[in-house]
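Q: Input protein38.txt, format and content: compact mmCIF, C-alpha atoms and all ligand atoms.
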# COMPACT_ATOMS: atom_id res chain seq x y z
CA MET A 1 1.45 -3.26 61.68
CA MET A 2 1.43 -4.96 58.33
CA LYS A 3 0.96 -8.33 60.00
CA ARG A 4 -1.97 -7.04 62.01
CA ASN A 5 -3.63 -5.78 58.85
CA LEU A 6 -3.14 -9.13 57.20
CA ILE A 7 -4.64 -11.00 60.12
CA GLY A 8 -7.54 -8.55 60.12
CA LEU A 9 -8.07 -9.11 56.43
CA LEU A 10 -7.94 -12.86 56.91
CA LEU A 11 -10.45 -12.80 59.75
CA PHE A 12 -12.69 -10.53 57.74
CA SER A 13 -12.67 -12.86 54.76
CA ILE A 14 -13.33 -15.93 56.94
CA TRP A 15 -16.21 -14.09 58.57
CA GLY A 16 -17.51 -13.14 55.14
CA THR A 17 -17.28 -16.72 53.91
CA LEU A 18 -19.10 -18.09 56.92
CA HIS A 19 -21.75 -15.47 57.34
CA SER A 20 -23.01 -13.05 54.80
CA GLN A 21 -22.44 -14.64 51.45
CA GLN A 22 -24.80 -12.94 49.08
CA TYR A 23 -26.45 -15.04 46.43
CA THR A 24 -26.38 -13.22 43.09
CA GLY A 25 -27.38 -16.00 40.69
CA PRO A 26 -30.69 -16.45 38.88
CA ILE A 27 -33.89 -16.41 40.93
CA ILE A 28 -37.25 -18.06 40.37
CA ASP A 29 -40.16 -16.20 41.93
CA MET A 30 -42.92 -18.75 42.53
CA HIS A 31 -45.55 -16.26 43.59
CA ILE A 32 -46.35 -13.05 41.72
CA HIS A 33 -49.65 -11.42 40.74
CA ALA A 34 -50.53 -9.62 37.51
CA TYR A 35 -53.57 -7.35 37.52
CA ASN A 36 -55.66 -5.42 35.08
CA GLN A 37 -57.94 -2.63 36.26
CA GLU A 38 -60.80 -5.00 36.94
CA LEU A 39 -58.77 -7.55 38.92
CA GLY A 40 -56.71 -5.02 40.86
CA GLY A 41 -59.61 -2.69 41.54
CA MET A 42 -59.30 -0.70 44.72
CA MET A 43 -55.80 -2.04 45.42
CA PHE A 44 -54.32 0.35 42.84
CA GLY A 45 -52.78 3.31 44.60
CA MET A 46 -53.27 1.71 48.01
CA ASP A 47 -50.26 1.98 50.30
CA HIS A 48 -49.65 -1.05 52.48
CA PRO A 49 -49.04 -0.35 56.15
CA ASN A 50 -47.13 -3.06 57.98
CA PRO A 51 -47.75 -2.71 61.70
CA LEU A 52 -45.49 -5.70 62.46
CA LYS A 53 -42.45 -3.72 61.28
CA ASN A 54 -43.79 -0.21 61.38
CA GLU A 55 -43.24 0.21 57.62
CA LEU A 56 -45.36 1.53 54.77
CA TYR A 57 -45.06 0.26 51.19
CA LYS A 58 -46.02 2.60 48.35
CA GLY A 59 -48.68 1.24 46.00
CA VAL A 60 -48.47 1.57 42.20
CA LYS A 61 -51.36 3.45 40.67
CA THR A 62 -52.12 1.71 37.36
CA PRO A 63 -51.92 -1.76 35.80
CA GLU A 64 -49.20 -0.52 33.43
CA ALA A 65 -47.11 0.75 36.35
CA GLN A 66 -47.65 -2.51 38.22
CA LYS A 67 -46.32 -4.46 35.25
CA MET A 68 -43.41 -2.18 34.36
CA GLU A 69 -42.15 -1.63 37.90
CA THR A 70 -42.38 -5.33 38.70
CA LEU A 71 -40.48 -6.29 35.55
CA LYS A 72 -37.86 -3.66 36.35
CA LYS A 73 -37.32 -5.19 39.80
CA MET A 74 -37.02 -8.60 38.17
CA ASP A 75 -34.27 -7.28 35.89
CA GLU A 76 -32.52 -5.70 38.84
CA HIS A 77 -32.51 -8.91 40.88
CA ASN A 78 -31.92 -11.45 38.12
CA ILE A 79 -35.37 -13.01 38.51
CA VAL A 80 -35.38 -15.21 35.42
CA LEU A 81 -38.75 -16.92 35.90
CA ALA A 82 -41.87 -15.64 37.60
CA LEU A 83 -44.82 -17.92 38.20
CA THR A 84 -47.55 -15.35 37.91
CA SER A 85 -51.21 -15.58 38.89
CA ASN A 86 -53.11 -14.27 35.85
CA GLY A 87 -49.75 -14.24 34.08
CA GLN A 88 -51.64 -14.35 30.76
CA LEU A 89 -51.93 -10.56 31.19
CA TRP A 90 -48.13 -10.17 30.94
CA LYS A 91 -47.16 -13.20 28.89
CA ASN A 92 -46.72 -11.33 25.58
CA ASP A 93 -44.64 -8.60 27.23
CA ASP A 94 -42.07 -11.01 28.57
CA PRO A 95 -42.72 -14.52 27.23
CA GLU A 96 -39.45 -16.08 28.40
CA ARG A 97 -39.79 -14.99 32.00
CA ILE A 98 -43.52 -15.10 32.75
CA LEU A 99 -45.03 -18.49 33.58
CA VAL A 100 -48.79 -18.50 33.78
CA SER A 101 -50.60 -19.67 36.89
CA GLY A 102 -54.32 -19.88 36.10
CA ARG A 103 -57.06 -19.08 38.55
CA ASN A 104 -60.70 -18.09 38.76
CA MET A 105 -61.62 -19.56 35.40
CA PRO A 106 -63.79 -22.49 34.37
CA LEU A 107 -62.25 -25.93 34.69
CA GLU A 108 -62.49 -26.53 30.94
CA GLN A 109 -60.54 -23.36 30.22
CA LEU A 110 -57.77 -24.47 32.57
CA ARG A 111 -57.77 -27.85 30.87
CA SER A 112 -57.49 -26.42 27.38
CA MET A 113 -54.74 -24.00 28.45
CA ALA A 114 -52.87 -26.94 29.97
CA GLU A 115 -53.33 -28.98 26.80
CA ASN A 116 -51.98 -26.10 24.72
CA GLY A 117 -48.93 -25.70 26.91
CA GLU A 118 -50.12 -22.27 28.10
CA LEU A 119 -50.38 -23.17 31.77
CA THR A 120 -47.52 -23.84 34.18
CA ALA A 121 -49.60 -24.08 37.36
CA ILE A 122 -53.01 -23.54 38.92
CA GLY A 123 -53.08 -20.87 41.62
CA GLU A 124 -53.10 -18.94 43.72
CA LEU A 125 -56.00 -20.90 45.15
CA ASN A 126 -57.25 -19.05 48.19
CA PRO A 127 -60.67 -20.37 49.21
CA PHE A 128 -59.48 -19.41 52.69
CA TYR A 129 -60.86 -15.94 52.04
CA ARG A 130 -64.30 -17.48 51.58
CA GLY A 131 -64.00 -19.52 54.76
CA VAL A 132 -63.38 -22.73 52.77
CA THR A 133 -60.55 -25.19 53.46
CA ALA A 134 -58.61 -27.45 51.06
CA ASP A 135 -60.49 -30.57 52.01
CA ASP A 136 -63.85 -29.11 50.94
CA ALA A 137 -65.48 -31.25 48.25
CA SER A 138 -66.03 -28.21 46.01
CA LEU A 139 -62.27 -28.06 45.32
CA ARG A 140 -61.82 -31.70 44.39
CA PRO A 141 -62.29 -31.19 40.60
CA LEU A 142 -59.37 -28.73 40.57
CA PHE A 143 -57.06 -31.14 42.36
CA ASP A 144 -58.21 -33.98 40.08
CA LEU A 145 -57.46 -31.89 36.99
CA ALA A 146 -54.05 -30.81 38.26
CA GLU A 147 -53.06 -34.37 39.05
CA GLU A 148 -54.34 -35.65 35.71
CA MET A 149 -52.53 -32.95 33.71
CA ASN A 150 -49.40 -33.02 35.89
CA ILE A 151 -49.81 -29.30 36.61
CA PRO A 152 -48.71 -28.05 40.04
CA ILE A 153 -51.08 -26.27 42.39
CA GLY A 154 -50.21 -23.26 44.52
CA PHE A 155 -52.43 -23.21 47.58
CA HIS A 156 -52.65 -20.21 49.91
CA ILE A 157 -52.44 -21.10 53.57
CA MET A 158 -51.89 -18.28 56.03
CA PRO A 159 -53.84 -16.50 58.73
CA GLY A 160 -54.38 -13.53 56.37
CA GLY A 161 -54.45 -11.34 54.27
CA PRO A 162 -52.49 -8.40 55.51
CA PRO A 163 -52.13 -8.09 59.27
CA SER A 164 -55.55 -7.26 60.77
CA GLY A 165 -57.17 -7.46 57.32
CA LEU A 166 -60.26 -8.93 58.93
CA TYR A 167 -60.93 -5.64 60.70
CA HIS A 168 -59.34 -2.97 58.51
CA LEU A 169 -60.20 -4.29 55.08
CA GLY A 170 -63.42 -6.06 55.90
CA MET A 171 -62.10 -9.49 54.85
CA ASN A 172 -64.76 -10.90 57.07
CA GLU A 173 -64.51 -14.59 56.23
CA ILE A 174 -60.94 -14.80 57.57
CA ARG A 175 -60.69 -17.29 60.44
CA VAL A 176 -57.49 -18.51 62.02
CA ARG A 177 -59.01 -21.96 62.41
CA ASN A 178 -58.89 -22.31 58.60
CA ALA A 179 -55.18 -21.47 58.36
CA ASN A 180 -53.46 -24.70 59.36
CA PRO A 181 -51.53 -26.62 56.66
CA LYS A 182 -52.93 -29.92 57.96
CA GLN A 183 -56.07 -29.11 55.96
CA LEU A 184 -54.17 -30.45 52.91
CA GLU A 185 -53.62 -33.91 54.29
CA GLU A 186 -56.66 -35.69 52.83
CA VAL A 187 -56.08 -33.94 49.49
CA LEU A 188 -52.53 -35.30 49.41
CA VAL A 189 -53.62 -38.81 50.36
CA GLU A 190 -56.32 -38.80 47.70
CA HIS A 191 -53.94 -37.37 45.07
CA PRO A 192 -50.57 -39.05 45.57
CA ASN A 193 -49.24 -37.74 42.25
CA LEU A 194 -50.35 -34.16 42.74
CA LYS A 195 -47.58 -31.56 42.86
CA ILE A 196 -48.59 -28.93 45.32
CA TYR A 197 -46.95 -26.15 47.26
CA VAL A 198 -48.16 -24.29 50.30
CA MET A 199 -48.05 -20.59 49.56
CA HIS A 200 -46.71 -18.56 52.49
CA GLY A 201 -45.01 -21.65 53.89
CA GLY A 202 -47.65 -22.70 56.38
CA TRP A 203 -46.49 -19.99 58.79
CA PRO A 204 -46.86 -19.87 61.78
CA TYR A 205 -47.54 -23.61 62.11
CA LEU A 206 -43.89 -24.65 62.04
CA GLU A 207 -44.33 -27.97 63.81
CA ASP A 208 -47.37 -28.94 61.76
CA MET A 209 -45.56 -27.95 58.58
CA LYS A 210 -42.60 -30.16 59.52
CA ALA A 211 -45.00 -33.03 60.12
CA MET A 212 -46.71 -32.47 56.74
CA LEU A 213 -43.36 -32.32 54.90
CA TYR A 214 -42.16 -35.42 56.72
CA VAL A 215 -45.15 -37.53 55.78
CA HIS A 216 -45.88 -36.13 52.29
CA PRO A 217 -42.79 -36.00 50.06
CA GLN A 218 -44.65 -34.31 47.20
CA LEU A 219 -45.37 -31.24 49.30
CA TYR A 220 -43.31 -28.07 48.76
CA LEU A 221 -43.74 -24.54 50.05
CA ASP A 222 -43.02 -20.96 49.10
CA VAL A 223 -41.97 -18.22 51.48
CA ALA A 224 -43.87 -15.44 49.70
CA ALA A 225 -45.22 -12.54 51.76
CA ILE A 226 -43.85 -13.94 55.02
CA ASP A 227 -40.43 -12.86 53.70
CA TRP A 228 -41.47 -9.19 53.77
CA VAL A 229 -44.46 -8.90 56.06
CA LEU A 230 -42.90 -10.64 59.07
CA PRO A 231 -40.15 -9.13 61.18
CA LYS A 232 -36.91 -10.66 59.95
CA ALA A 233 -36.22 -12.51 63.22
CA GLU A 234 -39.56 -14.32 63.03
CA PHE A 235 -39.10 -15.17 59.35
CA HIS A 236 -35.60 -16.47 60.04
CA ASN A 237 -36.79 -18.57 62.99
CA PHE A 238 -39.43 -20.14 60.79
CA ILE A 239 -37.20 -21.09 57.85
CA LYS A 240 -34.35 -22.11 60.16
CA GLY A 241 -36.77 -24.55 61.80
CA LEU A 242 -37.60 -26.08 58.43
CA VAL A 243 -33.98 -26.20 57.25
CA ASP A 244 -32.73 -27.68 60.54
CA ALA A 245 -35.39 -30.37 60.26
CA GLY A 246 -33.96 -31.38 56.86
CA PHE A 247 -36.46 -29.74 54.52
CA GLY A 248 -34.17 -27.20 52.87
CA LYS A 249 -34.78 -28.77 49.46
CA ARG A 250 -38.53 -28.16 49.60
CA ILE A 251 -38.49 -24.40 50.26
CA MET A 252 -39.02 -22.15 47.24
CA PHE A 253 -38.58 -18.41 46.96
CA GLY A 254 -41.55 -16.17 46.25
CA THR A 255 -42.49 -12.56 46.80
CA ASP A 256 -46.26 -12.33 46.42
CA GLN A 257 -45.63 -8.98 44.78
CA MET A 258 -48.98 -7.36 44.20
CA MET A 259 -48.96 -3.55 44.21
CA TRP A 260 -45.78 -2.84 46.17
CA PRO A 261 -42.60 -3.36 44.11
CA GLU A 262 -40.23 -2.59 47.02
CA THR A 263 -41.44 -5.77 48.74
CA ILE A 264 -39.34 -7.68 46.18
CA ASP A 265 -36.17 -6.05 47.56
CA ILE A 266 -37.20 -6.86 51.13
CA ALA A 267 -38.04 -10.48 50.28
CA ILE A 268 -34.69 -11.13 48.59
CA ASP A 269 -32.78 -9.53 51.43
CA ALA A 270 -34.67 -11.67 53.96
CA ILE A 271 -33.10 -14.81 52.44
CA ASN A 272 -29.73 -13.27 51.65
CA SER A 273 -29.29 -11.91 55.16
CA ALA A 274 -29.96 -15.29 56.82
CA ASP A 275 -26.55 -16.02 58.33
CA PHE A 276 -27.51 -19.60 59.15
CA LEU A 277 -27.93 -20.46 55.46
CA THR A 278 -24.94 -21.47 53.37
CA LEU A 279 -24.62 -20.09 49.87
CA GLU A 280 -25.71 -23.49 48.56
CA GLN A 281 -28.83 -23.43 50.71
CA LYS A 282 -29.63 -19.95 49.45
CA GLU A 283 -29.22 -21.21 45.88
CA ASP A 284 -31.62 -24.07 46.66
CA ILE A 285 -34.25 -21.64 47.92
CA PHE A 286 -33.76 -18.99 45.25
CA TYR A 287 -33.55 -21.32 42.28
CA ASP A 288 -32.77 -25.03 42.49
CA ASN A 289 -35.79 -26.24 44.46
CA ALA A 290 -38.22 -24.49 42.13
CA ALA A 291 -36.32 -25.77 39.08
CA GLU A 292 -36.77 -29.28 40.44
CA PHE A 293 -40.43 -28.74 41.35
CA LEU A 294 -41.25 -27.27 37.94
CA GLY A 295 -39.20 -29.90 36.13
CA LEU A 296 -37.09 -27.40 34.19
CA SER A 297 -34.92 -28.86 31.44
CA ALA A 298 -31.16 -29.13 31.95
CA SER A 299 -30.66 -26.79 29.00
CA LEU A 300 -32.87 -24.06 30.45
CA ILE A 301 -31.12 -24.35 33.83
CA ALA A 302 -27.73 -24.11 32.12
CA LYS A 303 -28.94 -21.02 30.24
CA HIS A 304 -30.13 -19.33 33.43
CA LYS A 305 -26.94 -20.19 35.27
CA LYS A 306 -24.79 -19.25 32.28
CA LEU A 307 -23.03 -22.62 32.45
ZN ZN A 401 -51.69 -15.70 49.38
As structure tokens, please, write out the structure in this file.

A:
Amino acid sequence: MMKRNLIGLLLFSIWGTLHSQQYTGPIIDMHIHAYNQELGGMMFGMDHPNPLKNELYKGVKTPEAQKMETLKKMDEHNIVLALTSNGQLWKNDDPERILVSGRNMPLEQLRSMAENGELTAIGELNPFYRGVTADDASLRPLFDLAEEMNIPIGFHIMPGGPPSGLYHLGMNEIRVRNANPKQLEEVLVEHPNLKIYVMHGGWPYLEDMKAMLYVHPQLYLDVAAIDWVLPKAEFHNFIKGLVDAGFGKRIMFGTDQMMWPETIDIAIDAINSADFLTLEQKEDIFYDNAAEFLGLSASLIAKHKKL
């Protein structure tokens, strides 16, 4: 009897080692949004239905709640850095953790923020919602500036918006034909020193994304939103395809938390529950790849990892 228990215990621990190792170290979230009343507008208090999973996410009602509940989730999950669109709104509340990603401001303001060390990235850029793709000439000055200042760009590529946003939310410039990651190719060729990451991973264009990563070594991606909006099996298929193709070092974690704090829990679980990832691969996605992309100092990494 004793022997059987021991064998059971042994098998259980081997299974645990091989399959469901949970990553509990520090996390970098490459894709968060801060809002004030004006920027968040009608999204405050809006619950988010997810027809792909038959779930509903509860919306926060005020800018203060959005900030406090998001920071609380970050504490809970050991999110040590958060690259935040309009992060200037939260910077003073949590200066060590919040990294500012600038958007929707004049070029000269972005330049002066970059010069003053107040800007970690430019993004989220989402001209997609206006029916404009990355290779449009109107965006060139932003890419030029980012390359010149050595500031990364986060570029939204996804066929959305929320599922069916075109119809239910009147996002009427959304077109699937503008959602392929290949739209970045000429930008990358023209800006060989530009650091850029595809927000939302280029889903569902797995094969095109592999081709882009293969040809363009400076291209990274985040898995924000697809890690909570997609059914887990589809999300896992997508990242498994990228990892199997050898691109596990270019995938960065992100949530795209906007108004729905519980999506942070779902996003983290989506990576942690991926049985095909080793603990090291999870660490790459949750922290190491972003640390490399952002060029974090060895001392800051050691501090985060408590080395
Ligand atoms: Zn986006």

Q: Separation of atom CA of Ala34 of chain A and atom CA of Leu119 of chain A, in Å?

A: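 These atoms are spaced 14.7 Å apart.
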
Q: Tell me, as a count of residues only, which residues lie within 9 Å of His77 of chain A, counting all atoms listed in the file; anything in the same chain fewer than 4 positions away does not count.

A: 9

Q: Please provide the set of residues having any atom within 12 Å of His156 of chain A, restricted to all atoms listed in the file, with same-chain residues fewer than 2 positions apart removed, written as a ChimeraX atom specification.

A: /A:31,122-129,132-134,153-154,158-161,178-181,183-184,196-203,221-226,256

Q: Within 12 Å of (-37.4, -29.7, 61.8), in the coordinates the file gives, what residues turn up when you count all atoms listed in the file, written out as a VMD selection string?

A: chain A and resid 205 to 214 237 to 248

Q: Report, in Å to a single decimal, how far apart atom CA of Gly131 of chain A and atom CA of Met258 of chain A are.

A: 22.0 Å

Q: Would you list the residues near (-24.1, -13.9, 49.6), meaning any protein, DNA or RNA residue with an atom at most 8 Å from that point in file coordinates, counting all atoms listed in the file, as a ChimeraX atom specification?

A: /A:20-24,272-273,279

Q: Neighbouring residues of Glu186 of chain A were defined as those with any atom within 10 Å, considering only C-alpha atoms; residues of the same chain fewer than 5 positions away were excluded. Please report them as an NGL selection string.

A: :A and (134-136 or 191)

Q: Looking at A:Val60, A:Glu280, A:Ile157, A:Ser164, which one is nearest to ligand ZN 401 (chain A), with distances taken over only C-alpha atoms and all ligand atoms?

A: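 Selected residue with least distance to ligand ZN 401 (chain A): A:Ile157.
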
Q: Could you tell me which of A:Lys91, A:Lys61, A:His33, A:Lys282 comes closest to ligand ZN 401 (chain A) if we count only C-alpha atoms and all ligand atoms?

A: A:His33

Q: Report as an MDAnalysis selection string all protein, DNA and RNA residues lying within 8 Å of Phe293 of chain A, evaluated on all atoms listed in the file, omitting residues in the same chain fewer than 4 positions from it.

A: chainID A and resid 195 220 289

Q: Out of A:His168, A:Arg130, A:His236, A:Arg177, which residue has the shortest atom-to-atom distance to Phe276 of chain A when counting only C-alpha atoms?

A: A:His236

Q: Could you list, as a list of chain:residue names, every residue within 10 Å of Ile28 of chain A, counting only C-alpha atoms and ignoring same-chain residues fewer than 3 positions away?

A: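 What passes the distance filter is A:His31, A:Met74, A:Asn78, A:Ile79, A:Val80, A:Leu81, A:Ala82, A:Leu83, A:Arg97, A:Met252, A:Phe253, A:Gly254, A:Thr255, A:Ile285, A:Phe286, A:Tyr287, A:Asp288, A:Asn289, A:Ala290, A:Ala291.
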
Q: Quick one: pull the distance between atom CA of Phe155 of chain A and atom CA of Arg103 of chain A, Å, one decimal.

A: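 Separation of atom CA of Phe155 of chain A and atom CA of Arg103 of chain A: 11.0 Å.
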
Q: From the list A:Ala233, A:Leu139, A:Gln257, A:Met43, which residue is nearest ligand ZN 401 (chain A) when using only C-alpha atoms and all ligand atoms?

A: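 Using only C-alpha atoms and all ligand atoms, the shortest distance to ligand ZN 401 (chain A) belongs to A:Gln257.
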
Q: Closest to Pro95 of chain A among A:Met42, A:Leu142, A:Ile271, A:Leu71, using all atoms listed in the file?

A: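 Closest to Pro95 of chain A, using all atoms listed in the file: A:Leu71.
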
Q: Given only C-alpha atoms and all ligand atoms as the basis, pick out the residue of A:Met30, A:Pro152, A:Gly295, A:Glu115 nearest to ligand ZN 401 (chain A).

A: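 Between A:Met30, A:Pro152, A:Gly295, A:Glu115, the residue approaching ligand ZN 401 (chain A) most closely is A:Met30.
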